[in-house]
file my_file_28.csv (CSV, C-alpha atoms and all ligand atoms)
chain,number,residue,atom,x,y,z
A,16,MET,CA,82.0,126.5,16.0
A,17,THR,CA,85.5,128.0,15.6
A,18,THR,CA,87.9,126.1,13.4
A,19,PRO,CA,90.6,124.3,15.4
A,20,ALA,CA,94.2,125.4,14.9
A,21,LEU,CA,95.2,121.8,14.2
A,22,GLN,CA,92.9,119.0,13.1
A,23,TRP,CA,93.5,115.4,12.1
A,24,ASN,CA,90.4,114.1,10.5
A,25,ARG,CA,90.4,110.3,10.3
A,26,ALA,CA,94.0,110.7,9.1
A,27,GLY,CA,95.8,107.5,8.1
A,28,TYR,CA,99.4,107.0,7.1
A,29,ALA,CA,101.1,104.0,5.6
A,30,VAL,CA,104.6,103.3,4.2
A,31,ARG,CA,106.1,100.6,2.0
A,32,HIS,CA,108.1,98.3,4.2
A,33,GLY,CA,110.4,95.3,4.2
A,34,PHE,CA,111.9,93.1,1.5
A,35,TRP,CA,108.5,92.7,-0.2
A,36,MET,CA,107.7,96.4,0.1
A,37,ARG,CA,104.4,95.6,1.7
A,38,TRP,CA,102.2,98.4,3.0
A,39,LYS,CA,102.5,99.0,6.7
A,40,THR,CA,99.9,101.2,8.4
A,41,ILE,CA,101.5,103.5,10.9
A,42,LEU,CA,98.5,105.7,11.8
A,43,HIS,CA,94.9,104.5,11.8
A,44,GLU,CA,92.1,107.0,11.4
A,45,LEU,CA,93.6,109.6,13.7
A,46,ASP,CA,90.9,111.9,15.0
A,47,MET,CA,92.0,114.7,17.2
A,48,ASP,CA,92.2,118.5,17.2
A,49,VAL,CA,93.9,121.4,19.1
A,50,ALA,CA,92.0,124.6,19.7
A,51,GLN,CA,93.9,127.9,19.2
A,52,GLY,CA,95.7,129.0,22.3
A,53,THR,CA,95.8,125.6,23.9
A,54,ALA,CA,98.4,122.8,24.2
A,55,LEU,CA,98.0,119.2,23.3
A,56,GLY,CA,100.7,116.8,24.7
A,57,LEU,CA,101.3,113.5,22.8
A,58,VAL,CA,102.3,110.6,25.0
A,59,GLY,CA,102.7,106.9,24.3
A,60,PRO,CA,105.3,104.2,24.1
A,61,ASN,CA,108.2,104.1,21.5
A,62,GLY,CA,106.8,103.6,18.1
A,63,ALA,CA,103.3,104.7,19.0
A,64,GLY,CA,103.0,107.2,16.1
A,65,LYS,CA,103.7,110.5,17.9
A,66,THR,CA,106.4,111.7,15.5
A,67,THR,CA,104.3,110.7,12.5
A,68,ALA,CA,101.3,112.6,13.8
A,69,ILE,CA,103.5,115.7,14.2
A,70,LYS,CA,105.1,115.3,10.7
A,71,LEU,CA,101.5,115.1,9.3
A,72,ALA,CA,100.6,118.4,11.0
A,73,ALA,CA,103.9,120.0,9.7
A,74,GLY,CA,103.0,118.9,6.1
A,75,LEU,CA,106.3,116.9,5.9
A,76,ILE,CA,104.3,113.9,4.9
A,77,THR,CA,100.8,113.7,3.5
A,78,PRO,CA,98.0,111.5,4.9
A,79,ALA,CA,97.1,108.3,2.9
A,80,ALA,CA,93.5,108.6,4.1
A,81,GLY,CA,91.5,111.5,5.7
A,82,SER,CA,93.0,114.9,6.1
A,83,VAL,CA,95.2,117.1,8.4
A,84,ARG,CA,94.4,120.8,8.6
A,85,VAL,CA,96.0,123.9,10.0
A,86,HIS,CA,93.4,126.6,10.7
A,87,GLY,CA,91.2,124.8,8.2
A,88,MET,CA,93.9,124.7,5.4
A,89,PRO,CA,95.6,121.6,4.2
A,90,ALA,CA,98.7,121.1,6.4
A,91,ALA,CA,101.0,120.7,3.4
A,92,SER,CA,99.9,124.1,1.9
A,93,SER,CA,102.5,127.0,2.0
A,94,GLU,CA,100.0,129.2,3.9
A,95,ALA,CA,99.7,126.6,6.6
A,96,ARG,CA,103.5,126.1,6.8
A,97,ARG,CA,104.1,129.8,7.3
A,98,ARG,CA,102.1,129.7,10.5
A,99,LEU,CA,104.1,126.8,11.9
A,100,GLY,CA,107.3,126.5,13.9
A,101,LEU,CA,108.7,123.0,13.9
A,102,LEU,CA,111.3,121.2,16.0
A,103,THR,CA,112.0,117.7,14.8
A,104,GLU,CA,113.6,114.9,16.8
A,105,THR,CA,116.5,114.8,14.4
A,106,GLN,CA,117.6,118.2,13.3
A,107,TYR,CA,119.0,118.9,9.9
A,108,ILE,CA,122.0,121.0,10.7
A,109,TYR,CA,124.6,122.2,8.3
A,110,PRO,CA,127.7,121.4,10.4
A,111,HIS,CA,129.9,124.0,8.8
A,112,LEU,CA,127.6,126.9,9.2
A,113,ARG,CA,127.9,129.2,12.2
A,114,VAL,CA,124.9,129.3,14.5
A,115,ARG,CA,123.9,132.8,13.4
A,116,GLU,CA,124.2,131.8,9.7
A,117,TRP,CA,122.1,128.7,10.2
A,118,LEU,CA,119.4,130.6,12.0
A,119,GLY,CA,119.5,133.3,9.3
A,120,MET,CA,119.2,130.8,6.5
A,121,LEU,CA,116.1,129.2,8.1
A,122,ALA,CA,114.6,132.5,9.0
A,123,GLY,CA,115.0,133.5,5.3
A,124,PHE,CA,113.2,130.3,4.3
A,125,SER,CA,110.3,131.4,6.5
A,126,GLY,CA,110.1,134.7,4.6
A,127,LEU,CA,112.0,137.1,6.9
A,128,LYS,CA,114.4,139.6,5.3
A,129,GLY,CA,116.8,142.4,5.9
A,130,SER,CA,116.8,144.2,9.3
A,131,ARG,CA,113.7,142.3,10.5
A,132,LEU,CA,115.6,139.0,9.9
A,133,LYS,CA,118.6,140.2,11.9
A,134,GLU,CA,116.4,141.5,14.7
A,135,ARG,CA,114.5,138.2,15.0
A,136,VAL,CA,117.7,136.1,14.9
A,137,ASP,CA,119.2,138.3,17.6
A,138,ALA,CA,116.0,138.0,19.7
A,139,VAL,CA,115.9,134.1,19.5
A,140,LEU,CA,119.7,133.8,20.2
A,141,GLU,CA,119.1,135.9,23.3
A,142,LEU,CA,116.0,134.0,24.3
A,143,MET,CA,117.8,130.7,24.1
A,144,ALA,CA,121.0,132.1,25.7
A,145,LEU,CA,123.0,131.4,22.6
A,146,THR,CA,124.3,134.9,21.8
A,147,GLU,CA,127.8,134.0,22.9
A,148,LYS,CA,127.7,130.9,20.6
A,149,ALA,CA,126.4,132.8,17.6
A,150,GLY,CA,129.8,132.7,15.9
A,151,MET,CA,130.5,129.0,16.5
A,152,MET,CA,130.1,126.2,14.0
A,153,MET,CA,126.9,124.2,14.4
A,154,ASN,CA,128.9,121.0,14.8
A,155,THR,CA,130.7,122.3,17.9
A,156,LEU,CA,127.4,122.8,19.9
A,157,SER,CA,126.7,120.4,22.8
A,158,LYS,CA,123.5,118.3,22.7
A,159,GLY,CA,121.5,120.7,24.8
A,160,GLN,CA,122.8,123.8,23.0
A,161,LEU,CA,121.8,122.2,19.7
A,162,GLN,CA,118.4,121.5,21.0
A,163,ARG,CA,118.1,125.2,22.1
A,164,ALA,CA,119.3,126.2,18.6
A,165,GLY,CA,116.5,124.0,17.2
A,166,LEU,CA,114.0,125.8,19.4
A,167,ALA,CA,115.4,129.1,18.3
A,168,GLN,CA,114.8,128.3,14.6
A,169,ALA,CA,111.3,127.1,15.5
A,170,LEU,CA,110.5,130.5,17.1
A,171,VAL,CA,112.4,132.8,14.8
A,172,HIS,CA,109.5,133.7,12.4
A,173,GLU,CA,107.1,134.2,15.4
A,174,PRO,CA,104.8,131.3,14.4
A,175,GLU,CA,101.2,131.0,15.6
A,176,ILE,CA,101.6,127.3,16.1
A,177,LEU,CA,104.5,125.3,17.5
A,178,LEU,CA,105.0,121.6,16.7
A,179,LEU,CA,107.7,120.3,19.0
A,180,ASP,CA,108.9,116.7,18.9
A,181,GLU,CA,110.5,115.9,22.3
A,182,PRO,CA,111.3,119.6,23.0
A,183,MET,CA,112.9,118.8,26.4
A,184,SER,CA,115.2,116.2,25.1
A,185,GLY,CA,118.8,116.9,26.0
A,186,LEU,CA,118.0,119.9,28.2
A,187,ASP,CA,119.3,120.2,31.7
A,188,PRO,CA,116.8,120.8,34.6
A,189,TYR,CA,117.3,124.6,34.4
A,190,TRP,CA,116.6,124.7,30.7
A,191,ARG,CA,113.6,122.4,31.1
A,192,TYR,CA,112.3,124.9,33.6
A,193,ARG,CA,113.1,127.9,31.3
A,194,LEU,CA,111.6,126.2,28.3
A,195,ASN,CA,108.4,125.4,30.2
A,196,ASN,CA,108.0,129.1,31.0
A,197,ILE,CA,108.8,130.2,27.5
A,198,LEU,CA,106.1,127.8,26.1
A,199,LYS,CA,103.6,128.9,28.8
A,200,GLU,CA,104.2,132.5,27.7
A,201,PHE,CA,103.8,131.5,24.0
A,202,LYS,CA,100.5,129.9,24.9
A,203,ALA,CA,99.4,132.9,27.1
A,204,SER,CA,99.9,135.2,24.1
A,205,GLY,CA,97.5,133.1,22.0
A,206,GLY,CA,99.9,130.5,20.5
A,207,THR,CA,99.0,126.9,19.9
A,208,LEU,CA,101.2,124.1,21.0
A,209,LEU,CA,101.5,120.5,19.9
A,210,PHE,CA,104.4,118.5,21.5
A,211,SER,CA,105.4,115.0,22.3
A,212,SER,CA,107.2,113.9,25.5
A,213,HIS,CA,108.1,110.9,27.5
A,214,ILE,CA,108.4,113.1,30.6
A,215,LEU,CA,105.0,113.0,32.2
A,216,ALA,CA,105.8,115.9,34.6
A,217,ASP,CA,106.5,118.2,31.6
A,218,VAL,CA,103.3,116.9,29.9
A,219,GLU,CA,101.3,117.7,33.1
A,220,ARG,CA,102.8,121.2,33.4
A,221,LEU,CA,102.3,122.2,29.8
A,222,SER,CA,99.2,120.5,28.3
A,223,ASP,CA,95.6,121.5,28.5
A,224,ARG,CA,94.8,118.1,27.0
A,225,VAL,CA,96.8,114.9,26.5
A,226,ALA,CA,96.4,112.3,23.7
A,227,LEU,CA,97.7,108.9,24.5
A,228,LEU,CA,98.8,107.1,21.3
A,229,ASP,CA,99.6,103.5,20.9
A,230,GLY,CA,99.8,101.3,17.9
A,231,GLY,CA,99.1,104.2,15.7
A,232,ARG,CA,95.7,104.9,17.3
A,233,VAL,CA,94.5,107.5,19.9
A,234,ARG,CA,93.7,105.4,22.9
A,235,TRP,CA,92.6,108.3,25.1
A,236,ILE,CA,92.3,112.0,24.8
A,237,GLY,CA,91.4,114.6,27.4
A,238,ALA,CA,92.5,116.8,30.3
A,239,LEU,CA,94.7,114.8,32.8
A,240,SER,CA,92.4,116.2,35.5
A,241,GLU,CA,89.5,114.3,33.8
A,242,MET,CA,91.3,111.1,33.5
A,243,PRO,CA,89.4,108.3,35.2
A,244,ARG,CA,91.7,107.2,38.0
A,245,GLN,CA,90.6,104.7,40.6
A,246,VAL,CA,90.6,105.5,44.3
A,247,VAL,CA,93.4,103.3,45.8
A,248,GLY,CA,93.3,104.6,49.3
A,249,TYR,CA,92.7,107.6,51.5
A,250,GLU,CA,94.9,110.2,53.2
A,251,ALA,CA,93.4,110.7,56.6
A,252,VAL,CA,94.4,113.3,59.2
A,253,CYS,CA,93.1,112.3,62.6
A,254,ARG,CA,93.6,112.6,66.4
A,255,THR,CA,94.0,109.5,68.5
A,256,ASP,CA,95.6,108.3,71.7
A,257,SER,CA,95.4,104.7,70.6
A,258,PRO,CA,98.6,103.2,68.9
A,259,GLU,CA,96.5,100.1,68.1
A,260,ALA,CA,94.0,102.1,66.2
A,261,LEU,CA,96.8,103.6,64.1
A,262,LYS,CA,98.3,100.2,63.5
A,263,ALA,CA,95.0,98.8,62.4
A,264,LEU,CA,94.6,101.4,59.7
A,265,THR,CA,98.0,101.5,58.1
A,266,ASN,CA,99.0,98.1,56.8
A,267,GLY,CA,102.5,98.9,58.0
A,268,ASN,CA,102.7,102.4,56.5
A,269,ARG,CA,104.4,104.7,58.9
A,270,PRO,CA,102.0,107.4,60.2
A,271,GLU,CA,103.3,111.0,60.2
A,272,ARG,CA,103.1,113.2,63.3
A,273,LEU,CA,101.9,116.7,62.4
A,274,PRO,CA,103.0,119.8,64.4
A,275,GLN,CA,99.6,120.2,66.1
A,276,GLY,CA,99.7,116.6,67.3
A,277,GLU,CA,97.5,115.1,64.6
A,278,TRP,CA,98.5,112.0,62.6
A,279,ARG,CA,98.6,111.9,58.9
A,280,ILE,CA,98.1,108.3,57.6
A,281,ALA,CA,97.8,106.6,54.3
A,282,VAL,CA,94.8,104.2,54.6
A,283,PRO,CA,94.6,101.4,52.0
A,284,ILE,CA,91.3,101.0,50.3
A,285,ASP,CA,90.6,97.7,52.1
A,286,LYS,CA,90.8,99.4,55.5
A,287,LYS,CA,88.1,102.0,54.7
A,288,SER,CA,85.5,100.1,56.8
A,289,VAL,CA,88.0,99.8,59.7
A,290,LEU,CA,88.5,103.6,59.5
A,291,LEU,CA,84.8,104.3,59.6
A,292,ASP,CA,84.3,101.9,62.5
A,293,LEU,CA,87.1,103.4,64.5
A,294,SER,CA,85.7,106.8,63.8
A,295,ALA,CA,82.2,105.8,64.9
A,296,GLN,CA,83.6,104.3,68.1
A,297,LYS,CA,85.4,107.6,68.7
A,298,ARG,CA,88.7,105.8,68.9
A,299,ILE,CA,89.9,108.2,66.3
A,300,ILE,CA,88.7,111.8,65.5
A,301,LEU,CA,88.8,112.3,61.8
A,302,GLU,CA,89.9,115.9,60.9
A,303,SER,CA,90.1,115.3,57.1
A,304,LEU,CA,89.8,112.5,54.6
A,305,ARG,CA,91.1,112.7,51.0
A,306,PRO,CA,90.9,110.0,48.4
A,307,MET,CA,94.2,109.0,46.9
A,308,ARG,CA,94.0,108.0,43.2
A,309,GLU,CA,96.2,105.7,41.1
A,310,GLU,CA,99.2,107.3,39.5
A,311,ILE,CA,98.7,108.8,36.0
A,312,GLU,CA,101.5,106.6,34.7
A,313,ALA,CA,99.5,103.5,35.8
A,314,VAL,CA,96.4,104.7,34.0
A,315,LEU,CA,98.3,105.5,30.8
A,316,PHE,CA,99.9,102.1,31.0
A,317,LYS,CA,96.4,100.5,31.2
A,318,PHE,CA,95.0,102.5,28.3
A,319,ALA,CA,98.0,101.8,26.1
A,320,GLY,CA,97.1,98.7,24.1
A,321,SER,CA,93.6,98.5,25.5
A,322,GLY,CA,91.9,99.7,22.3
A,323,PRO,CA,90.9,97.6,19.3
A,324,ALA,CA,93.4,95.5,17.4
A,325,PRO,CA,94.8,97.2,14.2
A,326,ASP,CA,92.0,97.3,11.6
A,327,ARG,CA,93.1,95.0,8.8
A,328,LYS,CA,90.3,96.2,6.6
A,329,LEU,CA,91.6,99.7,6.8
A,330,ASP,CA,95.1,98.5,6.0
A,331,LYS,CA,93.8,97.0,2.8
A,332,LYS,CA,91.4,99.8,2.0
A,333,MET,CA,93.9,102.6,2.6
A,334,ASP,CA,94.9,104.3,-0.6
A,335,PRO,CA,98.7,104.6,-0.2
A,336,LYS,CA,98.9,107.6,-2.4
A,337,PRO,CA,98.3,111.0,-0.7
A,338,ALA,CA,94.7,112.0,-0.6
A,339,LYS,CA,95.3,114.9,-3.0
A,340,GLN,CA,91.7,115.8,-3.7
A,341,GLU,CA,90.8,116.1,0.0
A,342,GLU,CA,94.0,118.0,0.8
A,343,GLN,CA,93.4,120.7,-1.7
A,344,THR,CA,89.9,121.6,-0.4
A,345,PRO,CA,90.2,124.0,2.5
A,401,LIG,N1,109.6,105.0,6.9
A,401,LIG,C1,109.2,104.1,7.7
A,401,LIG,N2,109.3,102.8,7.4
A,401,LIG,C2,108.9,101.8,8.2
A,401,LIG,N3,108.4,102.0,9.5
A,401,LIG,C3,108.3,103.3,9.8
A,401,LIG,C4,108.6,104.4,9.0
A,401,LIG,N4,108.4,105.6,9.7
A,401,LIG,C5,107.9,105.2,10.8
A,401,LIG,N5,107.8,103.9,11.0
A,401,LIG,C6,107.2,103.1,12.1
A,401,LIG,O1,106.1,103.7,12.5
A,401,LIG,C7,105.9,103.6,13.9
A,401,LIG,C8,105.7,105.0,14.5
A,401,LIG,O2,106.9,105.7,14.5
A,401,LIG,P1,107.0,107.1,15.2
A,401,LIG,O3,108.4,107.7,14.9
A,401,LIG,O4,105.8,108.0,14.8
A,401,LIG,O5,106.8,106.7,16.7
A,401,LIG,P2,107.0,107.6,18.1
A,401,LIG,O6,105.7,107.5,18.9
A,401,LIG,O7,107.4,109.0,17.7
A,401,LIG,O8,108.2,106.8,18.8
A,401,LIG,P3,109.3,107.3,19.8
A,401,LIG,O9,108.7,107.6,21.1
A,401,LIG,O10,110.2,106.2,19.9
A,401,LIG,O11,110.0,108.6,19.2
A,401,LIG,C9,107.2,102.9,14.4
A,401,LIG,O12,106.9,101.6,14.6
A,401,LIG,C10,108.2,103.1,13.3
A,401,LIG,O13,109.1,102.0,13.2

call {"tool": "encode", "arguments": {"input": "my_file_28.csv", "output": "structure tokens"}}
result
Amino acid sequence: MTTPALQWNRAGYAVRHGFWMRWKTILHELDMDVAQGTALGLVGPNGAGKTTAIKLAAGLITPAAGSVRVHGMPAASSEARRRLGLLTETQYIYPHLRVREWLGMLAGFSGLKGSRLKERVDAVLELMALTEKAGMMMNTLSKGQLQRAGLAQALVHEPEILLLDEPMSGLDPYWRYRLNNILKEFKASGGTLLFSSHILADVERLSDRVALLDGGRVRWIGALSEMPRQVVGYEAVCRTDSPEALKALTNGNRPERLPQGEWRIAVPIDKKSVLLDLSAQKRIILESLRPMREEIEAVLFKFAGSGPAPDRKLDKKMDPKPAKQEEQTP
């Protein structure tokens, strides 16, 4: 079996919290992975643990239990970090640096030098349409421009893996579309993507798999197309001369007349037997029948909070100090 590009292996994370500095578990035995060349989208309510999971993969924080690996290497190792491009939710900008200087400085931290560094800074400025802003101070950028500068720094050293916390945040619809295409190209060229988002349409467009986090646990992981969604009704296309038959099927939903004279109707689940009876009696001629499933949002909402309650035993058992021994072993 090939080693995943990213892997959280029963990874836990805890912080000291509150007046009494009690331990608070933020992630509980997180088990998930991302295969090379694929995208995993993290979704979940505020405070679910998405940013913490990304920070663990970036090696910014170390797990208190279990391990987090990048191509089999500890996420906090310098070799792992070299392979990563990271966009955090809150960017550390140096307000009095110019955009080009800021990008150059971060590119330098990633190991780029000389003409190669200049070449790459120019390339990401152009990619993010910031060439004209290159001489401006960082603190004069708009929110969306700052986000694009953040994406430029994540891409400048041509990482194999991108870790993006809310990458679409602050972007206008045009840039959301552009970024979607940029990230698809990144993936098509073998790149691996981990990102979080509250915008389900973006998650649907970009992810091969989705992990739903809530309360610091993975509640569901898989391809959205495989998500178990209940049938809530049917979309029927039929021919009929009977307005009563149409009325009996629709629960007040307005039927749509199609150009060839057929009717497209949304039939609620409880009218399925009426539909079949009318069809058997030839009062309607069914041309097509397609199940309608519940909205993805509704299923996610159901999954969130549906798992086990936080594991108190784990909270107590968890060694708050980073699991150094485990982390060193590739
Ligand atoms: N240093 C800390 N001290 C106390 N609590 C913390 C700390 N860091 C994170 N948390 C808590 O951990 C939980 C998970 O935070 P995290 O930022 O990972 O959530 P998230 O899913 O990214 O949320 P959002 O969608 O709002 O960005 C939150 O309840 C947060 O308050």

call {"tool": "residues_near_ligand", "arguments": {"input": "my_file_28.csv", "ligand": "ligand LIG 401 (chain A)", "cutoff": "6 Å", "atoms": "all atoms listed in the file", "output": "ChimeraX atom specification"}}
result
/A:30,32,41,60-67

call {"tool": "closest_atom_pairs", "arguments": {"input": "my_file_28.csv", "of": "range 177-294 of chain A", "to": "range 147-169 of chain A", "cutoff": "8 Å", "atoms": "all atoms listed in the file", "output": "Markdown table"}}
result
| residue | atom | partner | partner_atom | distance |
| --- | --- | --- | --- | --- |
| A:Leu177 | CA | A:Ala169 | CA | 7.3 |
| A:Pro182 | CA | A:Gln162 | CA | 7.6 |
| A:Ser184 | CA | A:Gln162 | CA | 7.4 |
| A:Gly185 | CA | A:Gly159 | CA | 4.8 |
| A:Leu186 | CA | A:Gly159 | CA | 4.9 |
| A:Asp187 | CA | A:Gly159 | CA | 7.3 |

call {"tool": "atom_distance", "arguments": {"input": "my_file_28.csv", "atom1": "CA of Leu290 in chain A", "atom2": "CA of Trp278 in chain A"}}
result
13.4 Å

call {"tool": "closest_residue", "arguments": {"input": "my_file_28.csv", "among": "A:Thr207, A:Arg135, A:Lys317, A:Met143", "to": "Tyr189 in chain A", "atoms": "only C-alpha atoms"}}
result
A:Met143

call {"tool": "residues_around", "arguments": {"input": "my_file_28.csv", "residues": "Gly81 in chain A", "least_positions_apart": "6", "cutoff": "6 Å", "atoms": "only C-alpha atoms", "output": "VMD selection string"}}
result
chain A and resid 24 to 26

call {"tool": "write_last_selection", "arguments": {"input": "my_file_28.csv", "atoms": "C-alpha atoms", "output": "CSV table (one decimal), in the coordinates of the input"}}
result
chain,number,residue,atom,x,y,z
A,24,ASN,CA,90.4,114.1,10.5
A,25,ARG,CA,90.4,110.3,10.3
A,26,ALA,CA,94.0,110.7,9.1

call {"tool": "closest_atom_pairs", "arguments": {"input": "my_file_28.csv", "of": "range 24-125 of chain A", "to": "range 236-258 of chain A", "cutoff": "12 Å", "atoms": "all atoms listed in the file", "output": "tab-separated table"}}
result
residue	atom	partner	partner_atom	distance
A:Leu45	CA	A:Ile236	CA	11.4
A:Asp46	CA	A:Ile236	CA	9.9
A:Met47	CA	A:Ile236	CA	8.1
A:Asp48	CA	A:Ile236	CA	10.0
A:Val49	CA	A:Gly237	CA	11.0
A:Thr53	CA	A:Ala238	CA	11.4
A:Ala54	CA	A:Ala238	CA	10.4
A:Leu55	CA	A:Gly237	CA	9.0
A:Gly56	CA	A:Ile236	CA	9.7
A:Leu57	CA	A:Ile236	CA	9.3
A:Val58	CA	A:Ile236	CA	10.1
A:Gly59	CA	A:Ile236	CA	11.6

call {"tool": "residues_around", "arguments": {"input": "my_file_28.csv", "residues": "range 264-274 of chain A", "least_positions_apart": "4", "cutoff": "8 Å", "atoms": "all atoms listed in the file", "output": "ChimeraX atom specification"}}
result
/A:260,278-283,286,289-290

call {"tool": "closest_residue", "arguments": {"input": "my_file_28.csv", "among": "A:Phe318, A:Ala80, A:Glu277, A:Val233", "to": "Leu301 in chain A", "atoms": "only C-alpha atoms"}}
result
A:Glu277

call {"tool": "atom_distance", "arguments": {"input": "my_file_28.csv", "atom1": "CA of Asp137 in chain A", "atom2": "CA of Phe201 in chain A"}}
result
18.0 Å

call {"tool": "atom_distance", "arguments": {"input": "my_file_28.csv", "atom1": "CA of Gln51 in chain A", "atom2": "CA of Gly206 in chain A"}}
result
6.7 Å

call {"tool": "closest_residue", "arguments": {"input": "my_file_28.csv", "among": "A:Met120, A:Val139, A:Val83, A:Leu145", "to": "Ala95 in chain A", "atoms": "only C-alpha atoms"}}
result
A:Val83

call {"tool": "closest_residue", "arguments": {"input": "my_file_28.csv", "among": "A:Leu208, A:Leu178, A:Val171, A:Leu21", "to": "Trp117 in chain A", "atoms": "only C-alpha atoms"}}
result
A:Val171

call {"tool": "residues_near_point", "arguments": {"input": "my_file_28.csv", "point": "(99.5, 102.3, 29.0)", "cutoff": "9 Å", "atoms": "all atoms listed in the file", "output": "list in words"}}
result
Gly59, Pro60, Leu227, Asp229, Arg234, Glu312, Ala313, Val314, Leu315, Phe316, Lys317, Phe318, Ala319, Gly320 and Ser321 of chain A

call {"tool": "closest_residue", "arguments": {"input": "my_file_28.csv", "among": "A:Arg37, A:Arg131, A:Arg96, A:Arg220", "to": "Asn195 in chain A", "atoms": "only C-alpha atoms"}}
result
A:Arg220
